[in-house]
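S.K.: What follows is protein-v7.cif, mmCIF, N, CA and C atoms and all ligand atoms.
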data_start
#
loop_
_atom_site.label_atom_id
_atom_site.label_comp_id
_atom_site.auth_asym_id
_atom_site.auth_seq_id
_atom_site.Cartn_x
_atom_site.Cartn_y
_atom_site.Cartn_z
N MET C 1 21.50 14.26 60.54
CA MET C 1 20.79 15.28 59.78
C MET C 1 19.36 14.83 59.49
N ASP C 2 19.18 13.52 59.35
CA ASP C 2 17.88 13.00 58.94
C ASP C 2 17.07 12.57 60.15
N GLN C 3 15.77 12.77 60.07
CA GLN C 3 14.87 12.27 61.10
C GLN C 3 13.92 11.28 60.44
N PRO C 4 13.62 10.18 61.12
CA PRO C 4 12.81 9.15 60.49
C PRO C 4 11.41 9.61 60.13
N ASP C 5 10.89 10.66 60.78
CA ASP C 5 9.52 11.06 60.49
C ASP C 5 9.43 12.08 59.36
N LYS C 6 10.55 12.43 58.77
CA LYS C 6 10.50 13.35 57.64
C LYS C 6 9.99 12.63 56.40
N PRO C 7 9.19 13.32 55.60
CA PRO C 7 8.75 12.68 54.36
C PRO C 7 9.94 12.41 53.45
N ARG C 8 9.98 11.22 52.88
CA ARG C 8 11.09 10.82 52.02
C ARG C 8 10.53 10.38 50.68
N PRO C 9 11.36 10.44 49.64
CA PRO C 9 10.89 9.94 48.34
C PRO C 9 10.59 8.45 48.41
N THR C 10 9.58 8.04 47.67
CA THR C 10 9.24 6.63 47.56
C THR C 10 9.58 6.17 46.14
N PRO C 11 10.65 5.38 45.98
CA PRO C 11 10.99 4.93 44.62
C PRO C 11 9.86 4.11 44.00
N THR C 12 9.64 4.31 42.74
CA THR C 12 8.69 3.52 41.96
C THR C 12 9.50 2.59 41.08
N PRO C 13 8.86 1.60 40.43
CA PRO C 13 9.63 0.75 39.51
C PRO C 13 10.38 1.57 38.45
N THR C 14 9.80 2.67 38.02
CA THR C 14 10.44 3.49 37.00
C THR C 14 11.61 4.30 37.56
N SER C 15 11.45 4.83 38.77
CA SER C 15 12.50 5.70 39.32
C SER C 15 13.52 4.96 40.17
N GLN C 16 13.29 3.68 40.44
CA GLN C 16 14.16 2.93 41.34
C GLN C 16 15.64 3.00 40.92
N PRO C 17 15.99 2.89 39.63
CA PRO C 17 17.43 2.98 39.27
C PRO C 17 18.06 4.32 39.65
N PHE C 18 17.30 5.40 39.57
CA PHE C 18 17.80 6.72 39.96
C PHE C 18 18.19 6.72 41.44
N TRP C 19 17.29 6.20 42.30
CA TRP C 19 17.53 6.19 43.74
C TRP C 19 18.63 5.20 44.10
N ALA C 20 18.68 4.07 43.41
CA ALA C 20 19.73 3.07 43.68
C ALA C 20 21.11 3.64 43.36
N ALA C 21 21.22 4.40 42.28
CA ALA C 21 22.50 5.02 41.91
C ALA C 21 22.90 6.07 42.95
N LEU C 22 21.94 6.87 43.41
CA LEU C 22 22.26 7.87 44.43
C LEU C 22 22.82 7.21 45.69
N ARG C 23 22.26 6.05 46.04
CA ARG C 23 22.74 5.34 47.23
C ARG C 23 24.21 4.98 47.08
N GLU C 24 24.66 4.77 45.83
CA GLU C 24 26.07 4.46 45.57
C GLU C 24 26.85 5.71 45.16
N HIS C 25 26.25 6.87 45.41
CA HIS C 25 26.87 8.17 45.16
C HIS C 25 27.21 8.39 43.69
N ARG C 26 26.29 7.95 42.83
CA ARG C 26 26.36 8.24 41.41
C ARG C 26 25.07 8.91 41.00
N LEU C 27 25.17 9.84 40.07
CA LEU C 27 23.97 10.43 39.49
C LEU C 27 23.76 9.81 38.12
N GLU C 28 22.64 9.12 37.96
CA GLU C 28 22.30 8.50 36.68
C GLU C 28 21.00 9.11 36.16
N ILE C 29 21.04 9.47 34.89
CA ILE C 29 19.90 10.11 34.24
C ILE C 29 19.57 9.29 32.99
N GLN C 30 18.29 9.26 32.66
CA GLN C 30 17.88 8.53 31.46
C GLN C 30 18.24 9.32 30.21
N ARG C 31 18.59 8.54 29.15
CA ARG C 31 18.81 9.14 27.84
C ARG C 31 18.11 8.27 26.81
N CYS C 32 17.46 8.93 25.86
CA CYS C 32 16.72 8.23 24.82
C CYS C 32 17.69 7.74 23.75
N ALA C 33 17.68 6.42 23.49
CA ALA C 33 18.57 5.86 22.48
C ALA C 33 18.10 6.21 21.07
N ALA C 34 16.84 6.56 20.92
CA ALA C 34 16.30 6.86 19.59
C ALA C 34 16.63 8.28 19.14
N CYS C 35 16.50 9.26 20.03
CA CYS C 35 16.70 10.67 19.61
C CYS C 35 17.80 11.37 20.38
N GLY C 36 18.34 10.74 21.42
CA GLY C 36 19.45 11.34 22.15
C GLY C 36 19.06 12.29 23.26
N ALA C 37 17.77 12.51 23.48
CA ALA C 37 17.33 13.45 24.51
C ALA C 37 17.65 12.91 25.91
N TRP C 38 18.12 13.80 26.77
CA TRP C 38 18.28 13.47 28.18
C TRP C 38 16.93 13.66 28.84
N VAL C 39 16.59 12.78 29.77
CA VAL C 39 15.24 12.76 30.35
C VAL C 39 15.32 12.73 31.87
N HIS C 40 14.66 13.65 32.52
CA HIS C 40 14.45 13.61 33.96
C HIS C 40 13.21 14.44 34.23
N TYR C 41 12.28 13.98 35.07
CA TYR C 41 12.28 12.84 35.95
C TYR C 41 12.19 11.51 35.18
N PRO C 42 12.44 10.39 35.88
CA PRO C 42 12.41 9.09 35.20
C PRO C 42 11.03 8.78 34.61
N ARG C 43 11.04 8.25 33.38
CA ARG C 43 9.79 7.96 32.67
C ARG C 43 9.88 6.64 31.92
N HIS C 44 8.72 6.21 31.41
CA HIS C 44 8.65 5.02 30.57
C HIS C 44 8.98 5.35 29.12
N ARG C 45 8.64 6.58 28.71
CA ARG C 45 8.80 6.95 27.30
C ARG C 45 9.47 8.31 27.21
N CYS C 46 10.22 8.50 26.13
CA CYS C 46 10.86 9.77 25.87
C CYS C 46 9.81 10.85 25.62
N PRO C 47 9.89 11.99 26.33
CA PRO C 47 8.90 13.04 26.12
C PRO C 47 9.06 13.74 24.78
N ARG C 48 10.20 13.54 24.10
CA ARG C 48 10.41 14.21 22.81
C ARG C 48 9.93 13.37 21.64
N CYS C 49 10.28 12.04 21.64
CA CYS C 49 9.94 11.23 20.46
C CYS C 49 9.05 10.03 20.80
N LEU C 50 8.74 9.85 22.09
CA LEU C 50 7.85 8.79 22.57
C LEU C 50 8.46 7.40 22.48
N SER C 51 9.73 7.29 22.16
CA SER C 51 10.38 5.98 22.17
C SER C 51 10.42 5.44 23.61
N ALA C 52 10.31 4.12 23.73
CA ALA C 52 10.45 3.48 25.04
C ALA C 52 11.88 3.02 25.29
N ASP C 53 12.80 3.36 24.37
CA ASP C 53 14.19 2.90 24.45
C ASP C 53 15.03 3.89 25.26
N LEU C 54 14.75 3.92 26.57
CA LEU C 54 15.48 4.82 27.47
C LEU C 54 16.50 4.02 28.26
N GLY C 55 17.73 4.52 28.33
CA GLY C 55 18.76 3.86 29.11
C GLY C 55 19.29 4.79 30.18
N TRP C 56 19.91 4.20 31.21
CA TRP C 56 20.47 4.98 32.32
C TRP C 56 21.95 5.26 32.06
N HIS C 57 22.37 6.51 32.29
CA HIS C 57 23.76 6.92 32.04
C HIS C 57 24.26 7.76 33.20
N VAL C 58 25.50 7.49 33.61
CA VAL C 58 26.12 8.27 34.68
C VAL C 58 26.49 9.65 34.14
N VAL C 59 26.14 10.68 34.87
CA VAL C 59 26.58 12.05 34.55
C VAL C 59 27.28 12.61 35.78
N ASP C 60 28.13 13.63 35.58
CA ASP C 60 28.90 14.15 36.72
C ASP C 60 28.10 15.11 37.60
N GLY C 61 26.95 15.53 37.11
CA GLY C 61 26.09 16.38 37.94
C GLY C 61 26.44 17.85 37.89
N ALA C 62 27.39 18.23 37.04
CA ALA C 62 27.69 19.65 36.89
C ALA C 62 26.43 20.37 36.43
N ALA C 63 26.13 21.48 37.09
CA ALA C 63 24.85 22.14 36.86
C ALA C 63 24.96 23.62 37.22
N ARG C 64 23.88 24.34 36.91
CA ARG C 64 23.80 25.74 37.34
C ARG C 64 22.40 25.97 37.92
N ILE C 65 22.32 26.91 38.84
CA ILE C 65 21.05 27.23 39.47
C ILE C 65 20.19 28.02 38.47
N THR C 66 18.94 27.57 38.29
CA THR C 66 18.02 28.32 37.44
C THR C 66 16.95 29.02 38.25
N SER C 67 16.75 28.60 39.50
CA SER C 67 15.74 29.21 40.35
C SER C 67 16.00 28.80 41.78
N PHE C 68 15.68 29.66 42.73
CA PHE C 68 15.82 29.26 44.13
C PHE C 68 14.91 30.11 44.99
N THR C 69 14.67 29.62 46.20
CA THR C 69 13.96 30.39 47.21
C THR C 69 14.49 30.01 48.58
N VAL C 70 14.43 30.94 49.50
CA VAL C 70 14.86 30.71 50.86
C VAL C 70 13.62 30.73 51.74
N THR C 71 13.30 29.59 52.35
CA THR C 71 12.11 29.52 53.21
C THR C 71 12.55 29.67 54.66
N ARG C 72 11.99 30.67 55.32
CA ARG C 72 12.33 30.92 56.72
C ARG C 72 11.26 30.37 57.65
N VAL C 73 10.16 29.91 57.07
CA VAL C 73 9.13 29.18 57.80
C VAL C 73 9.18 27.76 57.27
N PRO C 74 9.25 26.76 58.13
CA PRO C 74 9.38 25.38 57.64
C PRO C 74 8.25 25.01 56.69
N THR C 75 8.60 24.29 55.62
CA THR C 75 7.59 23.84 54.67
C THR C 75 6.73 22.73 55.27
N ALA C 76 7.20 22.08 56.32
CA ALA C 76 6.44 21.12 57.11
C ALA C 76 7.05 21.13 58.50
N PRO C 77 6.26 20.81 59.52
CA PRO C 77 6.79 20.88 60.90
C PRO C 77 8.06 20.05 61.09
N THR C 78 8.18 18.95 60.37
CA THR C 78 9.35 18.09 60.57
C THR C 78 10.63 18.70 59.99
N PHE C 79 10.50 19.79 59.22
CA PHE C 79 11.68 20.45 58.67
C PHE C 79 12.10 21.67 59.50
N ALA C 80 11.53 21.81 60.69
CA ALA C 80 11.83 22.99 61.52
C ALA C 80 13.33 23.07 61.85
N ASP C 81 14.00 21.92 61.89
CA ASP C 81 15.44 21.93 62.21
C ASP C 81 16.30 22.31 61.01
N GLU C 82 15.70 22.50 59.84
CA GLU C 82 16.48 22.82 58.64
C GLU C 82 16.28 24.26 58.16
N VAL C 83 15.56 25.06 58.94
CA VAL C 83 15.29 26.43 58.52
C VAL C 83 16.53 27.29 58.70
N PRO C 84 16.90 28.18 57.76
CA PRO C 84 16.17 28.37 56.51
C PRO C 84 16.46 27.24 55.52
N GLN C 85 15.42 26.81 54.82
CA GLN C 85 15.59 25.81 53.77
C GLN C 85 15.95 26.54 52.48
N LEU C 86 16.95 26.01 51.79
CA LEU C 86 17.41 26.59 50.52
C LEU C 86 16.92 25.68 49.40
N LEU C 87 15.80 26.03 48.83
CA LEU C 87 15.14 25.20 47.82
C LEU C 87 15.42 25.77 46.44
N GLY C 88 15.51 24.92 45.45
CA GLY C 88 15.73 25.47 44.13
C GLY C 88 15.65 24.43 43.03
N VAL C 89 15.92 24.93 41.83
CA VAL C 89 15.96 24.11 40.63
C VAL C 89 17.32 24.32 39.99
N VAL C 90 17.95 23.20 39.60
CA VAL C 90 19.22 23.29 38.88
C VAL C 90 19.05 22.66 37.50
N GLU C 91 19.82 23.16 36.56
CA GLU C 91 19.84 22.60 35.21
C GLU C 91 21.18 21.91 35.01
N LEU C 92 21.11 20.58 34.79
CA LEU C 92 22.32 19.83 34.49
C LEU C 92 22.90 20.30 33.17
N ASP C 93 24.21 20.14 32.99
CA ASP C 93 24.82 20.53 31.72
C ASP C 93 24.19 19.78 30.54
N GLN C 94 23.63 18.60 30.80
CA GLN C 94 22.96 17.83 29.74
C GLN C 94 21.58 18.39 29.41
N GLY C 95 21.04 19.27 30.27
CA GLY C 95 19.76 19.89 29.98
C GLY C 95 18.64 19.65 30.98
N PRO C 96 18.50 18.42 31.51
CA PRO C 96 17.39 18.22 32.45
C PRO C 96 17.49 19.09 33.70
N ARG C 97 16.33 19.44 34.24
CA ARG C 97 16.28 20.24 35.46
C ARG C 97 15.80 19.36 36.61
N LEU C 98 16.35 19.62 37.80
CA LEU C 98 16.00 18.86 39.00
C LEU C 98 15.64 19.84 40.11
N THR C 99 14.62 19.48 40.87
CA THR C 99 14.30 20.21 42.09
C THR C 99 15.21 19.68 43.19
N THR C 100 15.76 20.58 44.01
CA THR C 100 16.76 20.15 44.98
C THR C 100 16.81 21.12 46.15
N THR C 101 17.75 20.87 47.04
CA THR C 101 18.07 21.80 48.11
C THR C 101 19.57 22.07 48.08
N PHE C 102 19.96 23.23 48.56
CA PHE C 102 21.37 23.62 48.53
C PHE C 102 21.98 23.53 49.92
N VAL C 103 23.24 23.11 49.96
CA VAL C 103 23.97 23.00 51.23
C VAL C 103 25.33 23.69 51.06
N ASP C 104 26.00 23.93 52.19
CA ASP C 104 27.33 24.56 52.20
C ASP C 104 27.33 25.91 51.50
N VAL C 105 26.27 26.67 51.66
CA VAL C 105 26.18 28.00 51.06
C VAL C 105 25.28 28.86 51.94
N ALA C 106 25.66 30.12 52.08
CA ALA C 106 24.82 31.06 52.83
C ALA C 106 23.68 31.51 51.93
N PRO C 107 22.48 31.71 52.50
CA PRO C 107 21.34 32.12 51.66
C PRO C 107 21.65 33.33 50.78
N GLU C 108 22.40 34.30 51.32
CA GLU C 108 22.66 35.52 50.56
C GLU C 108 23.66 35.30 49.41
N ASP C 109 24.31 34.13 49.38
CA ASP C 109 25.26 33.84 48.30
C ASP C 109 24.62 33.07 47.14
N LEU C 110 23.36 32.66 47.28
CA LEU C 110 22.69 31.97 46.18
C LEU C 110 22.43 32.94 45.04
N ARG C 111 22.63 32.48 43.80
CA ARG C 111 22.40 33.31 42.62
C ARG C 111 21.92 32.42 41.48
N VAL C 112 21.05 32.93 40.65
CA VAL C 112 20.72 32.25 39.40
C VAL C 112 21.99 32.23 38.55
N GLY C 113 22.30 31.09 37.98
CA GLY C 113 23.49 30.96 37.15
C GLY C 113 24.69 30.40 37.91
N LEU C 114 24.63 30.35 39.24
CA LEU C 114 25.74 29.84 40.04
C LEU C 114 26.01 28.38 39.69
N ARG C 115 27.29 28.07 39.46
CA ARG C 115 27.67 26.68 39.16
C ARG C 115 27.63 25.86 40.44
N VAL C 116 27.05 24.67 40.35
CA VAL C 116 26.90 23.78 41.51
C VAL C 116 27.27 22.36 41.12
N ARG C 117 27.52 21.56 42.15
CA ARG C 117 27.82 20.15 41.94
C ARG C 117 27.08 19.33 42.98
N PRO C 118 26.93 18.02 42.74
CA PRO C 118 26.09 17.21 43.63
C PRO C 118 26.71 16.96 45.00
N VAL C 119 25.85 16.81 45.97
CA VAL C 119 26.19 16.31 47.29
C VAL C 119 25.23 15.15 47.56
N PHE C 120 25.78 13.99 47.87
CA PHE C 120 24.97 12.81 48.12
C PHE C 120 24.74 12.71 49.63
N ASP C 121 23.52 12.97 50.04
CA ASP C 121 23.17 13.08 51.46
C ASP C 121 22.52 11.77 51.91
N ASP C 122 23.32 10.94 52.59
CA ASP C 122 22.83 9.66 53.09
C ASP C 122 22.04 9.89 54.37
N GLY C 123 20.76 9.62 54.33
CA GLY C 123 19.93 9.80 55.51
C GLY C 123 19.78 8.51 56.29
N ALA C 124 19.29 8.65 57.50
CA ALA C 124 19.10 7.48 58.36
C ALA C 124 18.03 6.55 57.79
N SER C 125 17.17 7.06 56.93
CA SER C 125 16.06 6.25 56.42
C SER C 125 16.50 5.29 55.31
N GLY C 126 17.75 5.41 54.87
CA GLY C 126 18.20 4.53 53.79
C GLY C 126 18.04 5.15 52.41
N THR C 127 17.42 6.31 52.34
CA THR C 127 17.29 7.02 51.07
C THR C 127 18.38 8.07 50.98
N THR C 128 19.13 8.07 49.88
CA THR C 128 20.13 9.10 49.66
C THR C 128 19.48 10.23 48.86
N LEU C 129 19.56 11.44 49.40
CA LEU C 129 19.00 12.60 48.72
C LEU C 129 20.08 13.30 47.90
N LEU C 130 19.67 13.88 46.79
CA LEU C 130 20.58 14.62 45.92
C LEU C 130 20.44 16.10 46.23
N ARG C 131 21.48 16.64 46.84
CA ARG C 131 21.51 18.07 47.12
C ARG C 131 22.64 18.66 46.28
N PHE C 132 22.78 19.97 46.29
CA PHE C 132 23.84 20.60 45.50
C PHE C 132 24.52 21.66 46.33
N ARG C 133 25.79 21.90 46.00
CA ARG C 133 26.53 22.99 46.65
C ARG C 133 27.34 23.72 45.58
N PRO C 134 27.69 24.97 45.85
CA PRO C 134 28.42 25.74 44.85
C PRO C 134 29.79 25.13 44.55
N VAL C 135 30.22 25.29 43.30
CA VAL C 135 31.58 24.97 42.91
C VAL C 135 32.43 26.16 43.36
N ARG C 136 33.42 25.86 44.17
CA ARG C 136 34.28 26.94 44.69
C ARG C 136 35.42 27.19 43.70
N ASP C 137 36.15 28.27 43.94
CA ASP C 137 37.29 28.59 43.08
C ASP C 137 38.53 27.78 43.43
N ASP C 138 38.42 26.95 44.46
CA ASP C 138 39.53 26.08 44.85
C ASP C 138 40.00 25.28 43.65
N PRO C 139 41.31 25.38 43.30
CA PRO C 139 41.79 24.66 42.11
C PRO C 139 41.68 23.14 42.26
N GLN C 140 41.54 22.63 43.49
CA GLN C 140 41.38 21.19 43.67
C GLN C 140 39.94 20.76 43.46
N GLU C 141 39.06 21.74 43.31
CA GLU C 141 37.65 21.42 43.11
C GLU C 141 37.45 20.84 41.72
N GLU C 142 37.02 19.60 41.66
CA GLU C 142 36.78 19.01 40.34
C GLU C 142 35.54 19.63 39.74
N GLY C 143 35.56 19.74 38.43
CA GLY C 143 34.39 20.26 37.75
C GLY C 143 34.30 21.77 37.75
N ALA C 144 35.34 22.46 38.26
CA ALA C 144 35.29 23.92 38.28
C ALA C 144 35.35 24.46 36.85
N GLY C 145 34.69 25.58 36.64
CA GLY C 145 34.72 26.21 35.32
C GLY C 145 33.65 25.70 34.55
ZN ZN C 201 13.56 10.31 22.16
#
Show me, as structure tokens, the structure contained in the file I just sent.
Ligand SMILES: [Zn+2]
M.R.:
Amino acid sequence: MDQPDKPRPTPTPTSQPFWAALREHRLEIQRCAACGAWVHYPRHRCPRCLSADLGWHVVDGAARITSFTVTRVPTAPTFADEVPQLLGVVELDQGPRLTTTFVDVAPEDLRVGLRVRPVFDDGASGTTLLRFRPVRDDPQEEGAG
């Protein structure tokens, strides 16, 4: 699925724990020990109370779609093999929002409010991307409801 010439995220010292957790198929988000706020994207200080006491916590990634778009023209030439691209924003149950892409769903089935769960996409470049797919009504689907 991955091509080496596609642009990939570059972890920074601040975001490195986020990317390292994804590589192990865990979603970890920062939480402020001073005020309890969940924080994403990764930062040095809490955007609510400015405390530097941020810790990493595993979350299950249960979320809902808050925005999406279907691109039928590649956003860059190297993404021509992924058209249509299903781009969007999801809101984790803890509150933070993440920009992502959707998989295992037809473009016409995307909806604001749709419940989604994480998909850990291991690319050839060594970076694991966080994508999301809908929670199905399958009773074996964890996190349904
Ligand atoms: Zn805080």
S.K.: What residues of the protein or nucleic acid chains come within 7 Å of ligand ZN 201 (chain C) when you use all atoms listed in the file? Reply as a list in words.
M.R.: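 The distance check yields Arg31, Cys32, Ala33, Ala34, Cys35, Gly36, Ala37, Arg45, Cys46, Pro47, Arg48, Cys49, Leu50 and Ser51 of chain C.
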S.K.: As a PyMOL selection string, list the residues of segment 5-78 of chain C assigned to alpha helix (DSSP H) by DSSP on the backbone atoms of this structure.
M.R.: chain C and resi 16-23
S.K.: Write out as a PyMOL selection string the residues lying within 7 Å of segment 115-120 of chain C, counting only N, CA and C atoms and excluding same-chain residues fewer than 6 positions away.
M.R.: chain C and resi 22+25+60-65+128-136
S.K.: Near segment 68-81 of chain C, within 8 Å and counting only N, CA and C atoms, which residues show up once chain neighbours fewer than 3 positions away are dropped, as a list in words?
M.R.: Gln3, Asp5, Lys6, Pro7, Ile65, Pro84, Gln85, Leu86, Leu87, Gly88, Val89, Val90, Pro107, Leu110, Arg111 and Val112 of chain C
S.K.: Where does DSSP see strand (DSSP E or B) in segment 7-145 of chain C, if you list the residues as a PyMOL selection string?
M.R.: chain C and resi 27-32+38-39+54-59+63-71+85-92+97-102+115-122+128-134
S.K.: Separation of atom CA of Arg8 of chain C and atom CA of Asp104 of chain C, in Å?
M.R.: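 We find that atom CA of Arg8 of chain C and atom CA of Asp104 of chain C lie 21.3 Å from each other.
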S.K.: Hey, can you check how far atom CA of Gly113 of chain C sits from atom CA of Val59 of chain C?
M.R.: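 Between these atoms lies a distance of 19.3 Å.
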S.K.: Rank nothing, just name the residue among C:Pro9, C:Ala21, C:Trp56, C:Val39 nearest to Leu98 of chain C, using only C-alpha atoms.
M.R.: C:Val39
S.K.: How far is it from atom C of Ile29 of chain C to atom C of Ala124 of chain C, in Å with one decimal?
M.R.: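 Computed distance, atom C of Ile29 of chain C to atom C of Ala124 of chain C, equals 25.0 Å.
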S.K.: Here is a test: counting only N, CA and C atoms, which residue of C:Asp53, C:His40, C:Thr66, C:Asp122 is nearest to Glu91 of chain C?
M.R.: C:Thr66
S.K.: If the box runs along x, y and z of the file and leaves 5 Å on each side of segment 96-104 of chain C, what are its centre and edge lengths in Å, one decimal, as lines of an AutoDock Vina configuration file?
M.R.:
center_x = 20.8
center_y = 22.1
center_z = 41.9
size_x = 23.0
size_y = 17.7
size_z = 30.7
S.K.: Rebuild segment 98-109 of chain C so that it carries N, CA, C and O atoms, then output the result as a JSON list (two decimals), keeping the file's coordinate frame.
M.R.:
[["chain", "number", "residue", "atom", "x", "y", "z"],
["C", 98, "LEU", "N", 16.35, 19.62, 37.80],
["C", 98, "LEU", "CA", 16.00, 18.86, 39.00],
["C", 98, "LEU", "C", 15.64, 19.84, 40.11],
["C", 98, "LEU", "O", 16.32, 20.85, 40.29],
["C", 99, "THR", "N", 14.62, 19.48, 40.87],
["C", 99, "THR", "CA", 14.30, 20.21, 42.09],
["C", 99, "THR", "C", 15.21, 19.68, 43.19],
["C", 99, "THR", "O", 15.42, 18.48, 43.30],
["C", 100, "THR", "N", 15.76, 20.58, 44.01],
["C", 100, "THR", "CA", 16.76, 20.15, 44.98],
["C", 100, "THR", "C", 16.81, 21.12, 46.15],
["C", 100, "THR", "O", 16.00, 22.05, 46.25],
["C", 101, "THR", "N", 17.75, 20.87, 47.04],
["C", 101, "THR", "CA", 18.07, 21.80, 48.11],
["C", 101, "THR", "C", 19.57, 22.07, 48.08],
["C", 101, "THR", "O", 20.34, 21.23, 47.61],
["C", 102, "PHE", "N", 19.96, 23.23, 48.56],
["C", 102, "PHE", "CA", 21.37, 23.62, 48.53],
["C", 102, "PHE", "C", 21.98, 23.53, 49.92],
["C", 102, "PHE", "O", 21.32, 23.84, 50.92],
["C", 103, "VAL", "N", 23.24, 23.11, 49.96],
["C", 103, "VAL", "CA", 23.97, 23.00, 51.23],
["C", 103, "VAL", "C", 25.33, 23.69, 51.06],
["C", 103, "VAL", "O", 25.76, 23.98, 49.94],
["C", 104, "ASP", "N", 26.00, 23.93, 52.19],
["C", 104, "ASP", "CA", 27.33, 24.56, 52.20],
["C", 104, "ASP", "C", 27.33, 25.91, 51.50],
["C", 104, "ASP", "O", 28.29, 26.27, 50.81],
["C", 105, "VAL", "N", 26.27, 26.67, 51.66],
["C", 105, "VAL", "CA", 26.18, 28.00, 51.06],
["C", 105, "VAL", "C", 25.28, 28.86, 51.94],
["C", 105, "VAL", "O", 24.29, 28.37, 52.50],
["C", 106, "ALA", "N", 25.66, 30.12, 52.08],
["C", 106, "ALA", "CA", 24.82, 31.06, 52.83],
["C", 106, "ALA", "C", 23.68, 31.51, 51.93],
["C", 106, "ALA", "O", 23.87, 31.66, 50.72],
["C", 107, "PRO", "N", 22.48, 31.71, 52.50],
["C", 107, "PRO", "CA", 21.34, 32.12, 51.66],
["C", 107, "PRO", "C", 21.65, 33.33, 50.78],
["C", 107, "PRO", "O", 21.26, 33.37, 49.62],
["C", 108, "GLU", "N", 22.40, 34.30, 51.32],
["C", 108, "GLU", "CA", 22.66, 35.52, 50.56],
["C", 108, "GLU", "C", 23.66, 35.30, 49.41],
["C", 108, "GLU", "O", 23.83, 36.15, 48.56],
["C", 109, "ASP", "N", 24.31, 34.13, 49.38],
["C", 109, "ASP", "CA", 25.26, 33.84, 48.30],
["C", 109, "ASP", "C", 24.62, 33.07, 47.14],
["C", 109, "ASP", "O", 25.28, 32.81, 46.13]]
